[in-house]
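> Next comes the structure file target35.cif, holding mmCIF, C-alpha atoms and all ligand atoms.
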```cif
data_target
#
loop_
_atom_site.label_atom_id
_atom_site.label_comp_id
_atom_site.auth_asym_id
_atom_site.auth_seq_id
_atom_site.Cartn_x
_atom_site.Cartn_y
_atom_site.Cartn_z
CA MET A 1 3.67 -17.69 -2.83
CA LYS A 2 1.52 -14.59 -2.89
CA ALA A 3 0.35 -12.84 0.30
CA TYR A 4 -2.15 -10.01 0.66
CA ILE A 5 -1.91 -7.82 3.77
CA ILE A 6 -4.86 -5.74 4.94
CA THR A 7 -4.02 -3.12 7.50
CA ASP A 8 -6.01 -0.88 9.79
CA MET A 9 -4.90 1.66 12.39
CA GLU A 10 -7.04 1.10 15.46
CA GLY A 11 -5.56 -2.26 16.42
CA ILE A 12 -1.93 -1.10 16.38
CA ALA A 13 0.09 -1.17 19.64
CA GLY A 14 0.21 2.16 21.49
CA ILE A 15 -2.97 3.60 19.93
CA ALA A 16 -6.18 4.20 21.89
CA GLY A 17 -7.77 7.27 20.31
CA TRP A 18 -8.92 8.58 16.93
CA ASP A 19 -7.10 11.77 17.68
CA SER A 20 -4.62 11.43 20.47
CA HIS A 21 -4.08 15.07 21.45
CA LYS A 22 -5.79 14.49 24.78
CA GLY A 23 -4.19 11.13 25.41
CA THR A 24 -0.73 9.82 26.08
CA VAL A 25 0.04 8.81 22.51
CA VAL A 26 2.39 10.91 20.42
CA ASP A 27 0.09 11.62 17.51
CA ASN A 28 2.72 11.82 14.80
CA LYS A 29 3.96 8.32 15.59
CA LYS A 30 0.73 6.53 14.70
CA GLU A 31 1.47 6.10 11.00
CA GLU A 32 5.02 5.01 11.69
CA TRP A 33 3.94 2.44 14.27
CA MET A 34 1.31 1.07 11.89
CA THR A 35 3.79 0.89 9.02
CA LEU A 36 6.38 -0.91 11.12
CA GLU A 37 3.84 -3.51 12.27
CA VAL A 38 2.97 -4.10 8.61
CA GLU A 39 6.68 -4.33 7.80
CA ALA A 40 7.05 -6.95 10.55
CA ALA A 41 4.32 -8.98 8.85
CA VAL A 42 6.11 -8.55 5.52
CA GLN A 43 9.34 -9.89 7.00
CA GLY A 44 7.50 -12.85 8.59
CA ALA A 45 5.81 -13.63 5.26
CA LYS A 46 9.08 -13.39 3.33
CA LYS A 47 10.79 -15.70 5.79
CA ALA A 48 7.92 -18.16 5.29
CA GLY A 49 8.44 -18.09 1.52
CA ALA A 50 6.14 -15.35 0.20
CA ASP A 51 7.70 -13.80 -2.89
CA GLU A 52 4.85 -11.48 -3.84
CA ILE A 53 3.21 -9.26 -1.23
CA ILE A 54 0.44 -6.72 -1.82
CA ILE A 55 -0.64 -4.34 0.94
CA ALA A 56 -4.03 -2.61 1.20
CA GLU A 57 -4.30 0.19 3.72
CA SER A 58 -6.58 3.05 4.64
CA HIS A 59 -4.57 5.09 7.15
CA LYS A 60 -1.54 6.72 5.53
CA LEU A 61 1.03 3.97 5.41
CA ILE A 62 4.56 5.39 5.10
CA ILE A 63 5.46 3.46 1.99
CA ASP A 64 9.21 4.07 2.01
CA LEU A 65 9.59 2.48 5.44
CA LEU A 66 8.52 -0.81 3.86
CA ASP A 67 10.58 -3.54 2.22
CA LYS A 68 11.21 -2.48 -1.38
CA ASP A 69 9.81 -5.74 -2.76
CA VAL A 70 6.22 -5.08 -1.63
CA LYS A 71 3.45 -3.54 -3.69
CA VAL A 72 1.00 -1.14 -2.06
CA VAL A 73 -2.53 -0.20 -3.12
CA VAL A 74 -2.29 3.59 -3.15
CA SER A 75 -5.30 5.87 -3.37
CA GLY A 76 -5.49 9.62 -3.81
CA GLU A 77 -9.13 9.99 -2.84
CA PHE A 78 -11.91 8.07 -1.10
CA SER A 79 -12.71 5.15 -3.38
CA LEU A 80 -15.48 2.58 -3.42
CA ASP A 81 -13.24 -0.16 -4.78
CA TYR A 82 -12.79 -2.88 -2.19
CA LEU A 83 -9.38 -4.51 -1.63
CA PRO A 84 -7.94 -4.17 -5.17
CA GLY A 85 -5.57 -6.95 -6.14
CA LEU A 86 -7.19 -9.50 -3.83
CA ASP A 87 -8.20 -12.33 -6.16
CA ALA A 88 -7.98 -16.10 -6.51
CA SER A 89 -4.23 -15.90 -7.27
CA VAL A 90 -3.51 -14.91 -3.63
CA ASP A 91 -2.41 -17.77 -1.35
CA ALA A 92 -3.16 -16.17 2.02
CA VAL A 93 -4.53 -13.00 3.62
CA LEU A 94 -2.98 -11.44 6.73
CA ILE A 95 -4.81 -8.75 8.74
CA ILE A 96 -2.74 -6.26 10.76
CA GLY A 97 -3.93 -3.61 13.22
CA GLN A 98 -7.49 -4.86 13.46
CA HIS A 99 -10.06 -3.54 15.95
CA ALA A 100 -13.19 -5.26 17.22
CA ARG A 101 -16.64 -4.83 15.75
CA SER A 102 -19.05 -2.16 16.89
CA GLY A 103 -20.59 -2.83 20.29
CA ILE A 104 -17.76 -4.75 21.95
CA GLY A 105 -17.14 -2.70 25.11
CA THR A 106 -13.56 -3.86 25.66
CA GLY A 107 -12.71 -3.39 21.99
CA VAL A 108 -10.34 -0.44 21.60
CA LEU A 109 -11.95 2.04 19.17
CA ASN A 110 -14.58 -0.58 18.38
CA HIS A 111 -16.59 0.16 15.24
CA THR A 112 -17.69 -1.48 12.01
CA GLY A 113 -16.69 0.65 9.04
CA ASN A 114 -17.80 3.82 10.78
CA ASN A 115 -19.46 4.87 14.00
CA THR A 116 -22.93 4.97 12.46
CA THR A 117 -23.13 1.24 11.75
CA LEU A 118 -24.51 -0.59 14.77
CA ASN A 119 -24.36 -4.13 13.42
CA ILE A 120 -23.63 -6.09 10.28
CA PHE A 121 -24.91 -9.64 9.85
CA LEU A 122 -23.77 -11.98 7.11
CA ASN A 123 -26.01 -15.03 6.75
CA GLY A 124 -27.31 -14.34 10.26
CA LYS A 125 -23.87 -14.09 11.89
CA VAL A 126 -22.86 -10.76 13.40
CA ILE A 127 -19.49 -9.74 11.99
CA GLY A 128 -17.07 -6.82 11.99
CA GLU A 129 -14.65 -5.54 9.38
CA ALA A 130 -12.32 -8.54 9.71
CA GLY A 131 -15.20 -10.99 9.27
CA PHE A 132 -16.28 -9.24 6.10
CA GLU A 133 -12.73 -9.23 4.73
CA MET A 134 -12.34 -12.93 5.52
CA ALA A 135 -15.67 -13.83 3.90
CA TYR A 136 -14.79 -11.87 0.75
CA ALA A 137 -11.38 -13.58 0.48
CA ALA A 138 -13.00 -16.98 1.13
CA SER A 139 -15.58 -16.37 -1.63
CA MET A 140 -12.60 -16.49 -4.02
CA GLY A 141 -11.04 -19.47 -2.29
CA VAL A 142 -8.42 -17.45 -0.39
CA PRO A 143 -7.88 -18.24 3.32
CA THR A 144 -7.12 -15.64 6.00
CA ILE A 145 -4.46 -17.14 8.24
CA PHE A 146 -3.31 -14.36 10.58
CA LEU A 147 -4.71 -11.39 12.48
CA SER A 148 -3.08 -8.95 14.87
CA GLY A 149 -4.87 -6.31 16.91
CA ASP A 150 -6.35 -5.81 20.34
CA LYS A 151 -7.56 -8.73 22.45
CA ALA A 152 -11.21 -8.26 21.48
CA ALA A 153 -10.35 -8.30 17.76
CA ALA A 154 -8.36 -11.51 18.20
CA GLU A 155 -11.27 -13.11 20.08
CA GLU A 156 -13.62 -12.09 17.29
CA ALA A 157 -11.34 -13.71 14.70
CA ASN A 158 -10.96 -16.86 16.75
CA ASP A 159 -14.72 -17.08 17.07
CA LEU A 160 -15.07 -17.05 13.27
CA VAL A 161 -12.03 -19.15 12.34
CA LYS A 162 -10.90 -22.23 14.21
CA ASN A 163 -7.13 -22.40 14.75
CA MET A 164 -6.43 -18.99 13.32
CA GLU A 165 -3.04 -17.55 14.29
CA THR A 166 -3.60 -14.31 16.22
CA VAL A 167 -1.33 -11.85 18.00
CA VAL A 168 -2.64 -9.54 20.74
CA VAL A 169 -0.77 -6.22 20.97
CA LYS A 170 -3.03 -4.53 23.55
CA GLU A 171 -5.92 -5.28 25.86
CA GLY A 172 -8.82 -2.85 25.94
CA ILE A 173 -10.09 -1.43 29.22
CA ASN A 174 -12.76 0.49 27.34
CA LYS A 175 -13.16 2.06 23.90
CA TYR A 176 -10.47 4.68 24.53
CA MET A 177 -8.10 3.00 26.97
CA ALA A 178 -5.88 -0.06 26.76
CA ILE A 179 -2.86 -1.75 28.21
CA SER A 180 -0.48 -2.01 25.28
CA VAL A 181 2.77 -3.82 24.62
CA HIS A 182 5.75 -1.77 23.44
CA PRO A 183 5.66 -1.10 19.67
CA GLU A 184 8.90 -3.00 19.15
CA LYS A 185 7.54 -5.98 21.07
CA ALA A 186 4.43 -5.91 18.87
CA ARG A 187 6.62 -6.11 15.77
CA GLU A 188 8.52 -9.07 17.18
CA LEU A 189 5.28 -10.91 18.00
CA ILE A 190 3.79 -10.16 14.56
CA LYS A 191 6.85 -11.29 12.61
CA ASN A 192 6.95 -14.58 14.53
CA GLY A 193 3.17 -15.03 14.40
CA VAL A 194 3.03 -14.60 10.62
CA GLU A 195 5.78 -17.14 10.14
CA ILE A 196 3.93 -19.62 12.36
CA ALA A 197 0.66 -18.96 10.50
CA PHE A 198 2.25 -19.93 7.18
CA SER A 199 3.84 -23.03 8.69
CA ARG A 200 0.45 -24.30 9.89
CA MET A 201 -1.74 -22.94 7.11
CA LYS A 202 -3.37 -26.30 6.47
CA GLU A 203 -4.75 -26.52 10.02
CA ILE A 204 -6.40 -23.13 9.84
CA ASP A 205 -10.12 -23.13 9.13
CA VAL A 206 -11.84 -20.68 6.75
CA PHE A 207 -14.83 -18.43 7.55
CA LYS A 208 -16.82 -19.11 4.41
CA PRO A 209 -20.54 -18.34 4.47
CA ALA A 210 -22.35 -20.23 1.70
CA PRO A 211 -24.44 -18.55 -1.00
CA PRO A 212 -27.07 -17.17 -1.15
CA TYR A 213 -25.42 -14.40 0.85
CA GLU A 214 -27.70 -12.28 3.02
CA LEU A 215 -26.25 -9.00 4.25
CA VAL A 216 -28.20 -7.16 6.98
CA ILE A 217 -27.01 -3.74 8.14
CA GLU A 218 -28.40 -1.94 11.18
CA PHE A 219 -27.55 1.78 11.16
CA SER A 220 -27.67 4.22 14.04
CA THR A 221 -29.82 6.62 12.03
CA THR A 222 -32.97 6.05 10.00
CA GLN A 223 -31.66 8.39 7.30
CA THR A 224 -28.84 6.10 6.21
CA ALA A 225 -31.28 3.20 5.93
CA SER A 226 -33.59 5.38 3.83
CA LYS A 227 -30.75 6.30 1.47
CA MET A 228 -29.60 2.70 1.13
CA ALA A 229 -33.16 1.51 0.45
CA ILE A 230 -33.13 3.45 -2.84
CA ILE A 231 -30.62 0.94 -4.27
CA PRO A 232 -32.43 -1.68 -6.37
CA GLY A 233 -32.72 -4.96 -4.49
CA VAL A 234 -32.16 -3.44 -1.05
CA LYS A 235 -35.03 -4.15 1.35
CA LYS A 236 -35.91 -2.14 4.41
CA ILE A 237 -36.44 -4.36 7.45
CA ASP A 238 -37.28 -1.58 9.88
CA GLY A 239 -36.59 2.14 10.21
CA ARG A 240 -32.84 1.76 10.49
CA THR A 241 -32.14 -1.72 9.13
CA ILE A 242 -31.73 -2.90 5.53
CA SER A 243 -31.03 -6.24 3.88
CA TYR A 244 -29.68 -7.42 0.55
CA THR A 245 -29.44 -10.97 -0.76
CA SER A 246 -27.37 -12.25 -3.68
CA MET A 247 -25.64 -15.35 -5.00
CA ASN A 248 -22.73 -13.13 -6.00
CA PHE A 249 -20.41 -11.87 -3.25
CA LYS A 250 -19.27 -8.97 -5.45
CA GLU A 251 -22.80 -7.53 -5.14
CA ILE A 252 -22.65 -7.92 -1.36
CA VAL A 253 -19.34 -6.01 -1.45
CA ALA A 254 -20.98 -3.23 -3.48
CA ILE A 255 -23.72 -2.75 -0.86
CA TYR A 256 -21.13 -2.88 1.95
CA CYS A 257 -19.04 -0.21 0.24
CA LEU A 258 -21.99 2.04 -0.58
CA ARG A 259 -22.80 2.01 3.14
CA GLY A 260 -19.40 3.66 3.63
CA ALA A 261 -20.27 6.38 1.13
CA LEU A 262 -23.91 7.10 2.02
CA TYR A 263 -23.86 7.16 5.80
CA ASP A 264 -25.52 9.96 7.63
CA VAL A 265 -24.47 10.92 11.13
CA LYS A 266 -27.66 12.74 12.14
ZN ZN B 301 -11.31 -0.56 10.64
#
```
As a first step, turn the structure in this file into structure tokens.


Amino acid sequence: MKAYIITDMEGIAGIAGWDSHKGTVVDNKKEEWMTLEVEAAVQGAKKAGADEIIIAESHKLIIDLLDKDVKVVVSGEFSLDYLPGLDASVDAVLIIGQHARSGIGTGVLNHTGNNTTLNIFLNGKVIGEAGFEMAYAASMGVPTIFLSGDKAAAEEANDLVKNMETVVVKEGINKYMAISVHPEKARELIKNGVEIAFSRMKEIDVFKPAPPYELVIEFSTTQTASKMAIIPGVKKIDGRTISYTSMNFKEIVAIYCLRGALYDVK
């Protein structure tokens, strides 16, 4: 059985800031905490029978703290390639350390891709990063069965996927404050949760928008929308909103990734 783990930083236990110098978090622990939550998911997946595990990350995973049987997507520079190695041969996707989408006030470090994206809609449904990841996996027939993160991220996942297995490691008070469980407790919950997710995989629904796919992105600045509108096929809806429609989800992914490269903060 092949599992694909996607990890983010903002939904890890103990973390409530981009840069924690002013907060209570020991900054140099963030990568270690994230890695150990991923490792907990690895151990849960192995116990459930996964014999091939690929990990995609974007926040400096400490690779040698992980089980030696995993494979990790490593990247030396910013890349536009989206979730390499995730294809139809994967049996299940697990999402670790997820944060809520932009605009959710109780979502710790809530954002969608970056802080200049106000909203993303896929076939009319507002989604965050996890929703996009799930839809991409589902377009290849791969279900997402588990998500850990803050309470708002878990609620977002449960709204998209009926019966999804979720683990809450902290509850947001606002964007930069949360009540968190202990990092070791988070690992315990994640390991157990992943094992449960595999055991009840068949009951878990899939967030699978049907083609044609319509992606609408509302930016915080008109300049990003203007840049994106240069791409053939991209339509401008208003000063800061664009849309793109395709039968092919890979094209939707391309537009989503270009948004991450072309954004303008002013
Ligand atoms: Zn993220």

> Measure the distance from atom CA of A:Leu80 to atom CA of A:Asp51 in Å and round it to one decimal.

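Taking atom CA of A:Leu80 and atom CA of A:Asp51, their separation equals 28.4 Å.
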
> Rounded to one decimal, what separation in Å do you get between atom CA of A:Gly113 and atom CA of A:Arg240?

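Atom CA of A:Arg240 lies 16.3 Å from atom CA of A:Gly113.
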
> Please return, as number ranges by chain, all polymer residues that have at least one atom within 10 Å of the point (8.8, -4.3, -1.0); use only C-alpha atoms and the file's own coordinate frame.

A: 39, 42-43, 51-55, 63-72

> Write out as a CSV table (one decimal) with C-alpha atoms, keeping the file's coordinate frame each polymer residue whose atoms come within 6 Å of stretch 4-13 of chain A, counting all atoms listed in the file; drop sequence neighbours fewer than 6 positions from it.


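After the write, part.csv holds the following:
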```csv
chain,number,residue,atom,x,y,z
A,34,MET,CA,1.3,1.1,11.9
A,53,ILE,CA,3.2,-9.3,-1.2
A,54,ILE,CA,0.4,-6.7,-1.8
A,55,ILE,CA,-0.6,-4.3,0.9
A,56,ALA,CA,-4.0,-2.6,1.2
A,57,GLU,CA,-4.3,0.2,3.7
A,93,VAL,CA,-4.5,-13.0,3.6
A,94,LEU,CA,-3.0,-11.4,6.7
A,95,ILE,CA,-4.8,-8.8,8.7
A,96,ILE,CA,-2.7,-6.3,10.8
A,97,GLY,CA,-3.9,-3.6,13.2
A,98,GLN,CA,-7.5,-4.9,13.5
A,99,HIS,CA,-10.1,-3.5,16.0
A,149,GLY,CA,-4.9,-6.3,16.9
A,150,ASP,CA,-6.4,-5.8,20.3
A,169,VAL,CA,-0.8,-6.2,21.0
A,180,SER,CA,-0.5,-2.0,25.3
A,183,PRO,CA,5.7,-1.1,19.7
```

> At a cut-off of 10 Å, using all atoms listed in the file, what residues contact A:Asn163? Leave out same-chain residues fewer than 3 positions from it and give the result as a PyMOL selection string.

chain A and resi 145-146+157-160+166+197+200-206

> For atom CA of A:Lys162 and atom CA of A:Phe121, quote the distance in Å rounded to one decimal.

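Going from atom CA of A:Lys162 over to atom CA of A:Phe121, I get 19.3 Å.
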
> Residues proximal to (-26.5, -0.1, 9.9) were defined as those with any atom within 6 Å of that point in the file's coordinates, counting all atoms listed in the file. Which are they, as JSON, numbers by chain?

{"A": [117, 118, 119, 217, 218, 219, 241]}

> So which residues touch stretch 124-135 of chain A within 6 Å, counting only C-alpha atoms, skipping near sequence neighbours fewer than 3 positions away, as number ranges by chain?

A: 101, 112, 120-121, 138, 144, 207-208

> As a PyMOL selection string, please: the residues near A:Thr221 (cut-off 9 Å, only C-alpha atoms, same-chain neighbours under 3 positions excluded).

chain A and resi 116-117+218+224-225+239-240+263-266

> Do a neighbour search on A:Phe78 at 10 Å with only C-alpha atoms, toss out local chain neighbours closer than 4 positions, and write the hits as an mmCIF file with C-alpha atoms, keeping the file's coordinate frame.


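Saved to around29.cif:
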```cif
data_model
loop_
_atom_site.group_PDB
_atom_site.id
_atom_site.type_symbol
_atom_site.label_atom_id
_atom_site.label_comp_id
_atom_site.auth_asym_id
_atom_site.auth_seq_id
_atom_site.Cartn_x
_atom_site.Cartn_y
_atom_site.Cartn_z
ATOM 1 C CA SER A 58 -6.580 3.050 4.640
ATOM 2 C CA GLY A 260 -19.400 3.660 3.630
ATOM 3 C CA ALA A 261 -20.270 6.380 1.130
#
```

> Determine the nearest neighbour of A:Ala88 from the options A:Lys191, A:Lys227, A:Lys170, A:Lys2, counting only C-alpha atoms.

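Smallest separation from A:Ala88 among the options: A:Lys2.
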
> Of the candidates A:Ala178, A:Leu147, A:Ile255, A:Ala41, which one gets nearest to A:Met164 if we count all atoms listed in the file?

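Checking each candidate against A:Met164, we get A:Leu147 as the closest.
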
> Which residue is closest to A:Asn110? Choose from A:Val161, A:Val216, A:Leu189, A:Ala153 and count all atoms listed in the file.

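Checking each of A:Val161, A:Val216, A:Leu189, A:Ala153 against A:Asn110, counting all atoms listed in the file, the winner is A:Ala153.
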
> So, counting all atoms listed in the file, which residue among A:Asn248, A:Asn123, A:Ser102, A:Ser226 is closest to ligand ZN 301 (chain B)?

A:Ser102

> Restricting the calculation to only C-alpha atoms, which member of A:Asp91, A:Glu171, A:Glu214, A:Asp238 is positioned closest to A:Ala45?

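Of A:Asp91, A:Glu171, A:Glu214, A:Asp238, the one nearest A:Ala45 is A:Asp91, counting only C-alpha atoms.
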
> Using all atoms listed in the file, find the one residue out of A:Pro212, A:Gly107, A:Gly14, A:Pro84 that sits nearest to ligand ZN 301 (chain B).

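Counting all atoms listed in the file, the residue closest to ligand ZN 301 (chain B) is A:Gly107.
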
> Should you be able to, write stretch 132-144 of chain A of this structure into a file that contains N, CA and C atoms, as a CSV table (one decimal), in the first residue's frame.


```
chain,number,residue,atom,x,y,z
A,132,PHE,N,-7.7,22.2,-2.2
A,132,PHE,CA,-7.1,22.1,-3.5
A,132,PHE,C,-6.3,20.8,-3.7
A,133,GLU,N,-5.6,20.4,-2.6
A,133,GLU,CA,-4.8,19.2,-2.6
A,133,GLU,C,-5.7,18.0,-2.8
A,134,MET,N,-6.8,18.0,-2.0
A,134,MET,CA,-7.7,16.9,-2.1
A,134,MET,C,-8.4,16.7,-3.5
A,135,ALA,N,-8.7,17.9,-4.1
A,135,ALA,CA,-9.3,17.8,-5.4
A,135,ALA,C,-8.4,17.3,-6.4
A,136,TYR,N,-7.1,17.7,-6.3
A,136,TYR,CA,-6.1,17.3,-7.3
A,136,TYR,C,-5.9,15.8,-7.1
A,137,ALA,N,-5.8,15.3,-5.9
A,137,ALA,CA,-5.6,13.8,-5.7
A,137,ALA,C,-6.8,13.1,-6.2
A,138,ALA,N,-8.0,13.6,-5.9
A,138,ALA,CA,-9.3,13.0,-6.4
A,138,ALA,C,-9.4,12.9,-7.9
A,139,SER,N,-8.8,13.9,-8.6
A,139,SER,CA,-8.9,14.0,-10.0
A,139,SER,C,-8.1,12.8,-10.6
A,140,MET,N,-7.2,12.2,-9.8
A,140,MET,CA,-6.5,11.0,-10.3
A,140,MET,C,-7.0,9.7,-9.6
A,141,GLY,N,-8.1,9.9,-8.9
A,141,GLY,CA,-8.7,8.7,-8.2
A,141,GLY,C,-8.2,8.4,-6.9
A,142,VAL,N,-7.4,9.3,-6.3
A,142,VAL,CA,-6.7,9.0,-5.0
A,142,VAL,C,-7.5,9.8,-3.9
A,143,PRO,N,-8.0,9.0,-2.8
A,143,PRO,CA,-8.7,9.7,-1.7
A,143,PRO,C,-7.7,10.3,-0.7
A,144,THR,N,-8.2,11.3,0.0
A,144,THR,CA,-7.5,11.9,1.1
A,144,THR,C,-8.2,11.4,2.3
```
